[in-house]
file entry-v9.cif (mmCIF, C-alpha atoms and all ligand atoms)
data_upload
loop_
_atom_site.group_PDB
_atom_site.id
_atom_site.type_symbol
_atom_site.label_atom_id
_atom_site.label_comp_id
_atom_site.auth_asym_id
_atom_site.auth_seq_id
_atom_site.Cartn_x
_atom_site.Cartn_y
_atom_site.Cartn_z
ATOM 1 C CA MET A 1 107.783 84.257 68.680
ATOM 2 C CA LYS A 2 106.166 87.633 68.370
ATOM 3 C CA ILE A 3 104.393 89.339 71.254
ATOM 4 C CA PRO A 4 101.515 91.842 70.777
ATOM 5 C CA VAL A 5 102.629 95.065 72.466
ATOM 6 C CA LEU A 6 100.682 98.314 72.911
ATOM 7 C CA GLU A 7 102.979 100.351 75.148
ATOM 8 C CA ILE A 8 106.549 100.379 76.381
ATOM 9 C CA PHE A 9 107.311 103.154 78.840
ATOM 10 C CA GLY A 10 109.430 104.243 81.775
ATOM 11 C CA PRO A 11 111.361 104.299 83.878
ATOM 12 C CA THR A 12 108.623 105.272 86.294
ATOM 13 C CA ILE A 13 107.548 104.037 89.707
ATOM 14 C CA GLN A 14 105.410 100.960 90.132
ATOM 15 C CA GLY A 15 102.209 102.590 91.358
ATOM 16 C CA GLU A 16 100.499 99.482 92.706
ATOM 17 C CA GLY A 17 100.767 96.469 94.927
ATOM 18 C CA MET A 18 103.622 94.401 96.275
ATOM 19 C CA VAL A 19 106.490 96.466 94.861
ATOM 20 C CA ILE A 20 104.838 99.885 94.997
ATOM 21 C CA GLY A 21 107.378 102.671 94.599
ATOM 22 C CA ARG A 22 109.909 100.535 92.801
ATOM 23 C CA LYS A 23 111.621 102.058 89.781
ATOM 24 C CA THR A 24 110.554 100.015 86.765
ATOM 25 C CA MET A 25 109.909 99.926 83.035
ATOM 26 C CA PHE A 26 106.478 98.842 81.713
ATOM 27 C CA ILE A 27 105.547 96.601 78.821
ATOM 28 C CA ARG A 28 101.806 96.524 78.108
ATOM 29 C CA THR A 29 100.579 93.610 76.018
ATOM 30 C CA ALA A 30 97.374 93.697 73.962
ATOM 31 C CA GLY A 31 94.367 91.459 74.511
ATOM 32 C CA CYS A 32 92.316 90.374 77.513
ATOM 33 C CA ASP A 33 89.945 87.505 78.291
ATOM 34 C CA TYR A 34 88.016 89.804 80.669
ATOM 35 C CA SER A 35 86.148 93.060 80.068
ATOM 36 C CA CYS A 36 85.977 94.715 83.496
ATOM 37 C CA SER A 37 83.441 97.543 83.660
ATOM 38 C CA TRP A 38 86.008 99.863 85.259
ATOM 39 C CA CYS A 39 89.126 98.740 83.401
ATOM 40 C CA ASP A 40 91.587 101.637 83.166
ATOM 41 C CA SER A 41 93.298 99.979 80.192
ATOM 42 C CA LYS A 42 90.291 99.246 77.974
ATOM 43 C CA PHE A 43 92.288 100.248 74.910
ATOM 44 C CA THR A 44 94.188 96.953 75.261
ATOM 45 C CA TRP A 45 91.115 94.911 74.425
ATOM 46 C CA ASP A 46 88.237 97.068 73.083
ATOM 47 C CA GLY A 47 89.570 97.312 69.533
ATOM 48 C CA SER A 48 90.050 101.087 69.681
ATOM 49 C CA GLU A 49 93.829 100.772 69.241
ATOM 50 C CA LYS A 50 94.046 97.688 67.100
ATOM 51 C CA SER A 51 96.139 99.525 64.533
ATOM 52 C CA ASN A 52 98.714 100.482 67.207
ATOM 53 C CA ILE A 53 99.474 96.903 68.256
ATOM 54 C CA GLN A 54 103.080 96.047 67.442
ATOM 55 C CA LEU A 55 104.087 92.424 67.011
ATOM 56 C CA LEU A 56 107.571 92.271 68.494
ATOM 57 C CA GLU A 57 110.206 89.619 69.082
ATOM 58 C CA PRO A 58 111.706 89.589 72.615
ATOM 59 C CA GLU A 59 114.935 91.128 71.257
ATOM 60 C CA GLU A 60 112.927 93.974 69.703
ATOM 61 C CA ILE A 61 111.173 94.571 73.035
ATOM 62 C CA TRP A 62 114.569 94.766 74.725
ATOM 63 C CA GLU A 63 115.705 97.309 72.103
ATOM 64 C CA ALA A 64 112.590 99.416 72.725
ATOM 65 C CA LEU A 65 113.111 99.228 76.505
ATOM 66 C CA THR A 66 116.706 100.449 76.219
ATOM 67 C CA GLU A 67 115.733 103.101 73.678
ATOM 68 C CA GLU A 68 113.219 104.462 76.170
ATOM 69 C CA GLY A 69 115.038 103.827 79.457
ATOM 70 C CA GLY A 70 118.705 103.748 78.483
ATOM 71 C CA ASP A 71 120.680 101.983 81.206
ATOM 72 C CA ARG A 72 118.623 103.620 83.948
ATOM 73 C CA PHE A 73 116.569 100.587 84.997
ATOM 74 C CA GLY A 74 116.910 97.132 86.533
ATOM 75 C CA HIS A 75 113.279 96.074 86.807
ATOM 76 C CA VAL A 76 110.612 95.458 84.167
ATOM 77 C CA THR A 77 106.861 95.114 84.769
ATOM 78 C CA ILE A 78 104.749 93.233 82.246
ATOM 79 C CA SER A 79 101.076 94.204 82.307
ATOM 80 C CA GLY A 80 98.191 94.392 79.841
ATOM 81 C CA GLY A 81 95.551 93.373 78.949
ATOM 82 C CA ASN A 82 96.276 89.911 80.280
ATOM 83 C CA PRO A 83 99.899 88.930 79.583
ATOM 84 C CA GLY A 84 98.980 85.570 81.130
ATOM 85 C CA LEU A 85 97.259 84.668 77.854
ATOM 86 C CA LEU A 86 100.603 84.499 76.048
ATOM 87 C CA ALA A 87 102.076 80.983 76.231
ATOM 88 C CA HIS A 88 105.351 81.999 74.546
ATOM 89 C CA LEU A 89 106.104 84.922 76.897
ATOM 90 C CA ASN A 90 108.661 82.581 78.519
ATOM 91 C CA GLU A 91 111.101 83.692 75.799
ATOM 92 C CA LEU A 92 110.836 87.318 76.921
ATOM 93 C CA VAL A 93 111.148 86.318 80.594
ATOM 94 C CA LYS A 94 114.333 84.364 79.755
ATOM 95 C CA LEU A 95 115.828 87.248 77.789
ATOM 96 C CA LEU A 96 115.078 89.826 80.499
ATOM 97 C CA HIS A 97 116.704 87.593 83.115
ATOM 98 C CA GLU A 98 119.755 87.203 80.863
ATOM 99 C CA LYS A 99 119.911 91.008 80.884
ATOM 100 C CA ASN A 100 119.918 90.874 84.719
ATOM 101 C CA MET A 101 116.457 92.402 85.024
ATOM 102 C CA ASN A 102 114.016 91.661 87.824
ATOM 103 C CA ILE A 103 110.573 90.980 86.396
ATOM 104 C CA ALA A 104 107.082 91.737 87.681
ATOM 105 C CA LEU A 105 103.860 90.522 86.091
ATOM 106 C CA GLU A 106 100.262 91.707 86.488
ATOM 107 C CA THR A 107 97.519 89.210 85.694
ATOM 108 C CA GLN A 108 93.978 88.526 86.918
ATOM 109 C CA GLY A 109 94.767 84.832 87.493
ATOM 110 C CA SER A 110 92.298 83.438 84.977
ATOM 111 C CA LYS A 111 94.865 81.292 83.184
ATOM 112 C CA TRP A 112 98.014 79.430 84.256
ATOM 113 C CA GLN A 113 101.335 79.628 82.448
ATOM 114 C CA PRO A 114 104.369 77.497 83.454
ATOM 115 C CA TRP A 115 106.642 80.555 83.127
ATOM 116 C CA PHE A 116 104.794 82.236 86.046
ATOM 117 C CA ILE A 117 107.183 80.414 88.398
ATOM 118 C CA ASP A 118 110.105 82.449 87.009
ATOM 119 C CA ILE A 119 108.496 85.849 87.653
ATOM 120 C CA ASP A 120 110.215 87.694 90.513
ATOM 121 C CA ASP A 121 107.154 89.722 91.622
ATOM 122 C CA LEU A 122 103.922 88.092 90.486
ATOM 123 C CA THR A 123 100.619 89.841 91.182
ATOM 124 C CA LEU A 124 97.344 87.958 90.846
ATOM 125 C CA SER A 125 94.468 90.412 90.755
ATOM 126 C CA PRO A 126 91.153 88.507 90.785
ATOM 127 C CA LYS A 127 88.144 90.647 90.041
ATOM 128 C CA PRO A 128 85.444 91.594 92.581
ATOM 129 C CA PRO A 129 81.698 91.854 91.755
ATOM 130 C CA SER A 130 81.810 95.532 90.681
ATOM 131 C CA SER A 131 83.905 94.503 87.649
ATOM 132 C CA GLY A 132 81.010 92.430 86.265
ATOM 133 C CA MET A 133 83.370 89.446 85.940
ATOM 134 C CA GLN A 134 83.038 86.000 87.532
ATOM 135 C CA THR A 135 86.016 84.422 89.288
ATOM 136 C CA ASN A 136 86.707 80.792 88.422
ATOM 137 C CA PHE A 137 87.777 79.734 91.917
ATOM 138 C CA GLU A 138 88.665 76.207 90.839
ATOM 139 C CA LYS A 139 91.205 77.624 88.423
ATOM 140 C CA LEU A 140 92.487 80.200 90.905
ATOM 141 C CA ASP A 141 92.932 77.432 93.522
ATOM 142 C CA GLN A 142 95.010 75.460 91.016
ATOM 143 C CA ILE A 143 97.161 78.464 90.127
ATOM 144 C CA ILE A 144 97.810 79.362 93.752
ATOM 145 C CA ASP A 145 98.637 75.732 94.615
ATOM 146 C CA ARG A 146 101.175 75.592 91.781
ATOM 147 C CA LEU A 147 102.723 78.860 92.923
ATOM 148 C CA ARG A 148 102.894 77.697 96.548
ATOM 149 C CA GLN A 149 104.861 74.647 95.399
ATOM 150 C CA ASP A 150 107.104 75.924 92.649
ATOM 151 C CA GLN A 151 107.393 79.714 92.566
ATOM 152 C CA ASN A 152 110.988 80.928 92.477
ATOM 153 C CA GLY A 153 110.065 84.556 93.174
ATOM 154 C CA THR A 154 107.292 85.949 95.341
ATOM 155 C CA PHE A 155 103.606 86.350 94.574
ATOM 156 C CA SER A 156 100.660 88.195 96.057
ATOM 157 C CA LEU A 157 96.973 88.893 95.629
ATOM 158 C CA LYS A 158 95.654 92.358 94.851
ATOM 159 C CA VAL A 159 91.942 93.164 94.930
ATOM 160 C CA VAL A 160 90.569 96.467 93.683
ATOM 161 C CA ILE A 161 87.738 97.748 95.874
ATOM 162 C CA PHE A 162 84.865 99.991 94.734
ATOM 163 C CA ASN A 163 82.134 99.103 97.242
ATOM 164 C CA GLU A 164 81.184 96.932 100.204
ATOM 165 C CA ASP A 165 80.390 93.891 98.037
ATOM 166 C CA ASP A 166 83.941 94.094 96.741
ATOM 167 C CA LEU A 167 85.217 94.193 100.308
ATOM 168 C CA THR A 168 83.201 91.064 101.121
ATOM 169 C CA TYR A 169 84.854 89.436 98.118
ATOM 170 C CA ALA A 170 88.259 90.451 99.515
ATOM 171 C CA VAL A 171 87.322 88.956 102.896
ATOM 172 C CA ASN A 172 86.513 85.643 101.162
ATOM 173 C CA MET A 173 89.809 85.842 99.303
ATOM 174 C CA HIS A 174 91.709 86.339 102.569
ATOM 175 C CA GLN A 175 89.913 83.427 104.223
ATOM 176 C CA ARG A 176 90.478 81.160 101.229
ATOM 177 C CA TYR A 177 94.197 81.991 100.869
ATOM 178 C CA PRO A 178 95.280 83.137 104.359
ATOM 179 C CA ASP A 179 98.964 82.466 103.647
ATOM 180 C CA VAL A 180 99.106 84.734 100.573
ATOM 181 C CA GLU A 181 99.911 88.425 101.004
ATOM 182 C CA LEU A 182 96.803 90.476 100.227
ATOM 183 C CA PHE A 183 96.798 94.038 98.921
ATOM 184 C CA LEU A 184 93.602 96.074 98.776
ATOM 185 C CA GLN A 185 93.657 98.811 96.176
ATOM 186 C CA VAL A 186 91.402 101.837 95.865
ATOM 187 C CA GLY A 187 89.320 101.780 92.694
ATOM 188 C CA ASN A 188 89.476 104.746 90.343
ATOM 189 C CA ASP A 189 85.860 105.503 89.411
ATOM 190 C CA ASP A 190 86.613 108.578 87.293
ATOM 191 C CA LEU A 191 88.619 107.385 84.306
ATOM 192 C CA GLU A 192 87.596 110.322 82.124
ATOM 193 C CA THR A 193 88.689 113.439 83.965
ATOM 194 C CA MET A 194 91.914 115.152 83.014
ATOM 195 C CA ASN A 195 91.577 117.486 86.021
ATOM 196 C CA ASN A 196 94.304 115.997 88.226
ATOM 197 C CA GLU A 197 93.550 118.198 91.238
ATOM 198 C CA LYS A 198 89.897 117.173 91.243
ATOM 199 C CA LEU A 199 90.788 113.506 90.802
ATOM 200 C CA LEU A 200 93.382 113.670 93.590
ATOM 201 C CA GLY A 201 90.880 115.085 96.097
ATOM 202 C CA HIS A 202 88.305 112.521 95.080
ATOM 203 C CA MET A 203 90.762 109.606 95.243
ATOM 204 C CA LEU A 204 92.084 110.685 98.635
ATOM 205 C CA ARG A 205 88.537 110.565 99.993
ATOM 206 C CA ASN A 206 88.042 107.106 98.434
ATOM 207 C CA TYR A 207 91.322 105.952 100.000
ATOM 208 C CA GLU A 208 90.260 107.202 103.418
ATOM 209 C CA GLN A 209 86.863 105.481 103.111
ATOM 210 C CA LEU A 210 88.537 102.197 102.185
ATOM 211 C CA ILE A 211 90.927 102.516 105.128
ATOM 212 C CA ASP A 212 87.963 103.127 107.460
ATOM 213 C CA LEU A 213 86.159 100.013 106.195
ATOM 214 C CA VAL A 214 89.235 97.814 106.519
ATOM 215 C CA MET A 215 89.994 99.062 110.022
ATOM 216 C CA GLU A 216 86.538 97.896 111.120
ATOM 217 C CA SER A 217 86.985 94.406 109.730
ATOM 218 C CA HIS A 218 87.547 91.497 112.096
ATOM 219 C CA VAL A 219 88.924 89.331 109.283
ATOM 220 C CA LEU A 220 91.102 91.735 107.325
ATOM 221 C CA LYS A 221 93.872 92.000 109.892
ATOM 222 C CA ASP A 222 96.938 90.997 107.940
ATOM 223 C CA VAL A 223 96.469 93.128 104.820
ATOM 224 C CA ARG A 224 97.820 96.271 103.184
ATOM 225 C CA VAL A 225 95.631 99.072 101.901
ATOM 226 C CA LEU A 226 97.155 100.995 99.035
ATOM 227 C CA PRO A 227 96.300 103.793 96.616
ATOM 228 C CA GLN A 228 97.055 103.506 92.908
ATOM 229 C CA LEU A 229 99.977 105.852 93.447
ATOM 230 C CA HIS A 230 100.558 106.832 89.810
ATOM 231 C CA THR A 231 96.958 108.039 89.562
ATOM 232 C CA TYR A 232 97.497 110.319 92.569
ATOM 233 C CA LEU A 233 100.584 111.778 90.930
ATOM 234 C CA TRP A 234 99.669 111.922 87.246
ATOM 235 C CA GLY A 235 95.916 111.350 87.057
ATOM 236 C CA ASN A 236 94.543 109.413 84.107
ATOM 237 C CA LYS A 237 97.537 110.190 81.907
ATOM 238 C CA ARG A 238 98.779 107.250 79.899
ATOM 239 C CA GLY A 239 102.328 105.912 79.756
ATOM 240 C CA VAL A 240 103.335 106.911 83.288
HETATM 241 C C1 LIG B 1 94.951 97.094 83.766
HETATM 242 S S1 LIG B 1 95.213 95.647 84.720
HETATM 243 C C2 LIG B 1 96.203 94.633 83.635
HETATM 244 C C3 LIG B 1 96.612 93.300 84.215
HETATM 245 C C4 LIG B 1 95.510 92.257 84.396
HETATM 246 N N1 LIG B 1 94.576 92.240 83.321
HETATM 247 C C5 LIG B 1 94.797 92.484 85.705
HETATM 248 O O1 LIG B 1 93.674 92.973 85.681
HETATM 249 O O2 LIG B 1 95.380 92.166 86.738
HETATM 250 C C6 LIG B 1 96.408 96.136 85.972
HETATM 251 C C7 LIG B 1 95.825 96.421 87.328
HETATM 252 O O3 LIG B 1 95.044 97.589 87.254
HETATM 253 C C8 LIG B 1 93.896 97.404 88.050
HETATM 254 N N2 LIG B 1 92.869 98.340 87.637
HETATM 255 C C9 LIG B 1 92.252 98.378 86.430
HETATM 256 N N3 LIG B 1 91.328 99.365 86.387
HETATM 257 C C10 LIG B 1 91.368 99.974 87.594
HETATM 258 C C11 LIG B 1 90.647 101.061 88.180
HETATM 259 N N4 LIG B 1 89.697 101.727 87.501
HETATM 260 N N5 LIG B 1 90.953 101.421 89.449
HETATM 261 C C12 LIG B 1 91.908 100.756 90.154
HETATM 262 N N6 LIG B 1 92.627 99.721 89.657
HETATM 263 C C13 LIG B 1 92.357 99.329 88.402
HETATM 264 C C14 LIG B 1 93.554 95.955 87.802
HETATM 265 O O4 LIG B 1 92.680 95.414 88.782
HETATM 266 C C15 LIG B 1 94.921 95.309 87.856
HETATM 267 O O5 LIG B 1 95.246 94.999 89.188
HETATM 268 N N1 LIG B 2 103.161 103.716 87.257
HETATM 269 C C1 LIG B 2 102.321 102.725 86.947
HETATM 270 N N2 LIG B 2 102.159 101.704 87.811
HETATM 271 C C2 LIG B 2 101.343 100.686 87.442
HETATM 272 N N3 LIG B 2 101.084 99.576 88.127
HETATM 273 C C3 LIG B 2 100.253 98.778 87.407
HETATM 274 C C4 LIG B 2 99.967 99.421 86.212
HETATM 275 C C5 LIG B 2 99.159 98.768 85.172
HETATM 276 O O1 LIG B 2 98.491 99.438 84.395
HETATM 277 O O2 LIG B 2 99.174 97.541 85.120
HETATM 278 C C6 LIG B 2 100.647 100.637 86.225
HETATM 279 C C7 LIG B 2 100.797 101.751 85.337
HETATM 280 O O3 LIG B 2 100.211 101.848 84.265
HETATM 281 N N4 LIG B 2 101.651 102.749 85.749
HETATM 282 S S1 LIG B 3 91.375 91.869 83.593
HETATM 283 FE FE1 LIG B 3 92.749 93.649 83.723
HETATM 284 S S2 LIG B 3 93.078 94.359 81.601
HETATM 285 FE FE2 LIG B 3 91.423 92.847 81.549
HETATM 286 S S3 LIG B 3 89.584 94.084 81.593
HETATM 287 FE FE3 LIG B 3 90.038 93.582 83.744
HETATM 288 S S4 LIG B 3 91.359 95.228 84.537
HETATM 289 FE FE4 LIG B 3 91.289 95.401 82.301
HETATM 290 MG MG MG B 4 97.188 100.877 85.071
#
call {"tool": "encode", "arguments": {"input": "entry-v9.cif", "output": "C-alpha cells", "more": "lines below"}}
Ligand SMILES: C[S@@+](CC[C@H](N)C(=O)[O-])C[C@H]1O[C@@H](n2cnc3c(N)ncnc32)[C@H](O)[C@@H]1O
Ligand SMILES: Nc1nc2[nH]cc(C(=O)O)c2c(=O)[nH]1
Ligand code: SF4
Ligand SMILES: [Mg+2]
result
Amino acid sequence: MKIPVLEIFGPTIQGEGMVIGRKTMFIRTAGCDYSCSWCDSKFTWDGSEKSNIQLLEPEEIWEALTEEGGDRFGHVTISGGNPGLLAHLNELVKLLHEKNMNIALETQGSKWQPWFIDIDDLTLSPKPPSSGMQTNFEKLDQIIDRLRQDQNGTFSLKVVIFNEDDLTYAVNMHQRYPDVELFLQVGNDDLETMNNEKLLGHMLRNYEQLIDLVMESHVLKDVRVLPQLHTYLWGNKRGV
C-alpha cells in the first residue's frame, strides 16, 4: 500500500527527544489531524506542497533511503505530519526491520495504531495550550496503557514548551504518567528567520529560561530538558 511522503533525507542527527544525537535517516509523511499554531512542518498539512507529495510503496521508500544515505545508516525516523494516521505503515515498519534498521516514530498521540508496539524508539508528543490544540486525555490514557503492556521497544513523552501554561501542562503530564520518561523541549518561536546566528542567540536564551523554570519546579524532578538541536546547528533550514 502506498504511503504519502513529502521528504526523505539524511543521514543527519536526531535533533530531539529520547534518541537525540543519534545518526538517522528521516521519512516525513504528509497529512496531520492537528494544526498547531507553531508547527515547524506546516507544509505537511497546509496544502502548500500538495503537488510534491509522492505516493510510495515501502520498497520505493527503501530505494529512496539508500539513494540518499547509501549504506551509511542503521536507524530511520518516521515523522510528519502525523504518521500515526497511516494504518498500513506496518508494511514499512516490517520492511525496515527486515533491512536491520532501528526505527523511531514521532507522533502527537492522537490516534492508536497496532504497529506502534514494533517501533524501537516511539515518541508521543502531546500538545500544550500554546499550540491551540486540545488533548484527548481519554485516548492518550488508552494509548499509554497499551504501550505499557505490549511495547517491544521503548517509548517516551515529549512536550514542547513556549510559556508557563505549557509548563503547567507538562507538570500535569508528569503527574498523570509518572512512569513514562518525559522530555521537555524548547519551542522555536521564530520559524521565519534565515539568520542562523540571530536564531541561535535567541534559542539559547529560550533554553536557559526553560531550564530556570524547570529547576524551580517541585514536581518536575525526573525530567530532561532539551533544545531542538538541529535548529541550533542549521536554523530553520529544511531537510536537515
Ligand atoms: C513536526 S512534528 C511531527 C510529528 C507529530 N505530528 C508530532 O507533533 O509529534 C515533530 C516534533 O516537532 C515538534 N515541533 C513542531 N513545531 C515546533 C516548534 N516550533 N518548536 C519546537 N518543536 C516543534 C513537535 O511538537 C513534535 O514533537
Ligand atoms: N535533525 C532533525 N531532527 C528531528 N527530530 C524531529 C524532527 C521532526 O521534524 O520531526 C527532526 C528534523 O526535522 N530534523
Ligand atoms: S501535530 Fe505535529 S505535524 Fe501536526 S500540526 Fe502539530 S506539530 Fe505539526
Ligand atoms: Mg522538525
call {"tool": "closest_residue", "arguments": {"input": "entry-v9.cif", "among": "A:Ser131, A:Asn188, A:Thr168, A:Gln113", "to": "ligand LIG 1 (chain B)", "atoms": "only C-alpha atoms and all ligand atoms"}}
result
A:Asn188
call {"tool": "axis_aligned_box", "arguments": {"input": "entry-v9.cif", "around": "stretch 202-211 of chain A", "padding_each_side": "3 Å", "output": "AutoDock Vina command-line options"}}
result
--center_x 89.5 --center_y 107.4 --center_z 100.1 --size_x 11.2 --size_y 16.3 --size_z 16.0
call {"tool": "atom_distance", "arguments": {"input": "entry-v9.cif", "atom1": "atom N3 of ligand LIG 2 (chain B)", "atom2": "atom CA of A:Thr154"}}
result
16.6 Å
call {"tool": "residues_around", "arguments": {"input": "entry-v9.cif", "residues": "A:Pro178", "least_positions_apart": "2", "cutoff": "12 Å", "atoms": "all atoms listed in the file", "output": "MDAnalysis selection string"}}
result
chainID A and resid 144 156:157 170:176 180:182 219:223
call {"tool": "write_last_selection", "arguments": {"input": "entry-v9.cif", "atoms": "C-alpha atoms", "output": "mmCIF file, in the coordinates of the input"}}
result
data_model
loop_
_atom_site.group_PDB
_atom_site.id
_atom_site.type_symbol
_atom_site.label_atom_id
_atom_site.label_comp_id
_atom_site.auth_asym_id
_atom_site.auth_seq_id
_atom_site.Cartn_x
_atom_site.Cartn_y
_atom_site.Cartn_z
ATOM 1 C CA ILE A 144 97.810 79.362 93.752
ATOM 2 C CA SER A 156 100.660 88.195 96.057
ATOM 3 C CA LEU A 157 96.973 88.893 95.629
ATOM 4 C CA ALA A 170 88.259 90.451 99.515
ATOM 5 C CA VAL A 171 87.322 88.956 102.896
ATOM 6 C CA ASN A 172 86.513 85.643 101.162
ATOM 7 C CA MET A 173 89.809 85.842 99.303
ATOM 8 C CA HIS A 174 91.709 86.339 102.569
ATOM 9 C CA GLN A 175 89.913 83.427 104.223
ATOM 10 C CA ARG A 176 90.478 81.160 101.229
ATOM 11 C CA VAL A 180 99.106 84.734 100.573
ATOM 12 C CA GLU A 181 99.911 88.425 101.004
ATOM 13 C CA LEU A 182 96.803 90.476 100.227
ATOM 14 C CA VAL A 219 88.924 89.331 109.283
ATOM 15 C CA LEU A 220 91.102 91.735 107.325
ATOM 16 C CA LYS A 221 93.872 92.000 109.892
ATOM 17 C CA ASP A 222 96.938 90.997 107.940
ATOM 18 C CA VAL A 223 96.469 93.128 104.820
#
call {"tool": "residues_around", "arguments": {"input": "entry-v9.cif", "residues": "A:Thr66", "least_positions_apart": "2", "cutoff": "12 Å", "atoms": "only C-alpha atoms", "output": "PyMOL selection string"}}
result
chain A and resi 8-11+25-26+59-64+68-76+96+99+101
call {"tool": "resolve_selection", "arguments": {"input": "entry-v9.cif", "expression": "the PyMOL selection byres (((chain A and resi 200) around 8) and not hetatm)", "output": "number ranges by chain"}}
result
A: 196-199, 201-204, 231-233, 235
call {"tool": "decode", "arguments": {"input": "entry-v9.cif", "residues": "stretch 51-96 of chain A", "atoms": "C-alpha atoms", "output": "PDB file, in the first residue's frame"}}
result
ATOM      1  CA  SER A  51       1.873  18.735  -5.601  1.00  0.00           C
ATOM      2  CA  ASN A  52       5.124  17.475  -4.005  1.00  0.00           C
ATOM      3  CA  ILE A  53       3.503  14.567  -2.160  1.00  0.00           C
ATOM      4  CA  GLN A  54       4.821  11.275  -3.508  1.00  0.00           C
ATOM      5  CA  LEU A  55       2.766   8.125  -3.079  1.00  0.00           C
ATOM      6  CA  LEU A  56       5.359   5.428  -2.475  1.00  0.00           C
ATOM      7  CA  GLU A  57       5.360   1.710  -1.769  1.00  0.00           C
ATOM      8  CA  PRO A  58       7.587   0.625   1.164  1.00  0.00           C
ATOM      9  CA  GLU A  59      10.131  -0.819  -1.303  1.00  0.00           C
ATOM     10  CA  GLU A  60      10.288   2.538  -3.109  1.00  0.00           C
ATOM     11  CA  ILE A  61      10.872   4.311   0.215  1.00  0.00           C
ATOM     12  CA  TRP A  62      13.729   1.914   0.930  1.00  0.00           C
ATOM     13  CA  GLU A  63      15.209   2.684  -2.513  1.00  0.00           C
ATOM     14  CA  ALA A  64      14.988   6.426  -1.826  1.00  0.00           C
ATOM     15  CA  LEU A  65      16.596   5.979   1.610  1.00  0.00           C
ATOM     16  CA  THR A  66      19.546   4.070   0.146  1.00  0.00           C
ATOM     17  CA  GLU A  67      19.834   6.501  -2.760  1.00  0.00           C
ATOM     18  CA  GLU A  68      20.166   9.334  -0.261  1.00  0.00           C
ATOM     19  CA  GLY A  69      22.078   7.607   2.545  1.00  0.00           C
ATOM     20  CA  GLY A  70      23.913   4.776   0.808  1.00  0.00           C
ATOM     21  CA  ASP A  71      24.925   2.177   3.387  1.00  0.00           C
ATOM     22  CA  ARG A  72      25.823   4.853   5.930  1.00  0.00           C
ATOM     23  CA  PHE A  73      22.849   4.423   8.273  1.00  0.00           C
ATOM     24  CA  GLY A  74      21.238   1.922  10.631  1.00  0.00           C
ATOM     25  CA  HIS A  75      18.374   3.965  12.046  1.00  0.00           C
ATOM     26  CA  VAL A  76      15.317   5.519  10.404  1.00  0.00           C
ATOM     27  CA  THR A  77      12.997   8.129  11.941  1.00  0.00           C
ATOM     28  CA  ILE A  78       9.447   8.436  10.649  1.00  0.00           C
ATOM     29  CA  SER A  79       7.885  11.842  11.280  1.00  0.00           C
ATOM     30  CA  GLY A  80       5.316  14.093   9.615  1.00  0.00           C
ATOM     31  CA  GLY A  81       2.651  15.394   9.704  1.00  0.00           C
ATOM     32  CA  ASN A  82       1.195  12.594  11.785  1.00  0.00           C
ATOM     33  CA  PRO A  83       2.481   9.208  10.579  1.00  0.00           C
ATOM     34  CA  GLY A  84       0.166   7.718  13.214  1.00  0.00           C
ATOM     35  CA  LEU A  85      -2.747   8.361  10.846  1.00  0.00           C
ATOM     36  CA  LEU A  86      -1.484   5.699   8.438  1.00  0.00           C
ATOM     37  CA  ALA A  87      -2.949   2.281   9.295  1.00  0.00           C
ATOM     38  CA  HIS A  88      -0.862   0.453   6.669  1.00  0.00           C
ATOM     39  CA  LEU A  89       2.510   1.851   7.814  1.00  0.00           C
ATOM     40  CA  ASN A  90       3.067  -1.585   9.405  1.00  0.00           C
ATOM     41  CA  GLU A  91       4.319  -2.741   5.988  1.00  0.00           C
ATOM     42  CA  LEU A  92       7.091  -0.135   6.024  1.00  0.00           C
ATOM     43  CA  VAL A  93       7.967  -0.962   9.650  1.00  0.00           C
ATOM     44  CA  LYS A  94       8.256  -4.660   8.700  1.00  0.00           C
ATOM     45  CA  LEU A  95      10.439  -3.925   5.681  1.00  0.00           C
ATOM     46  CA  LEU A  96      12.782  -1.615   7.612  1.00  0.00           C
TER      47      LEU A  96
END
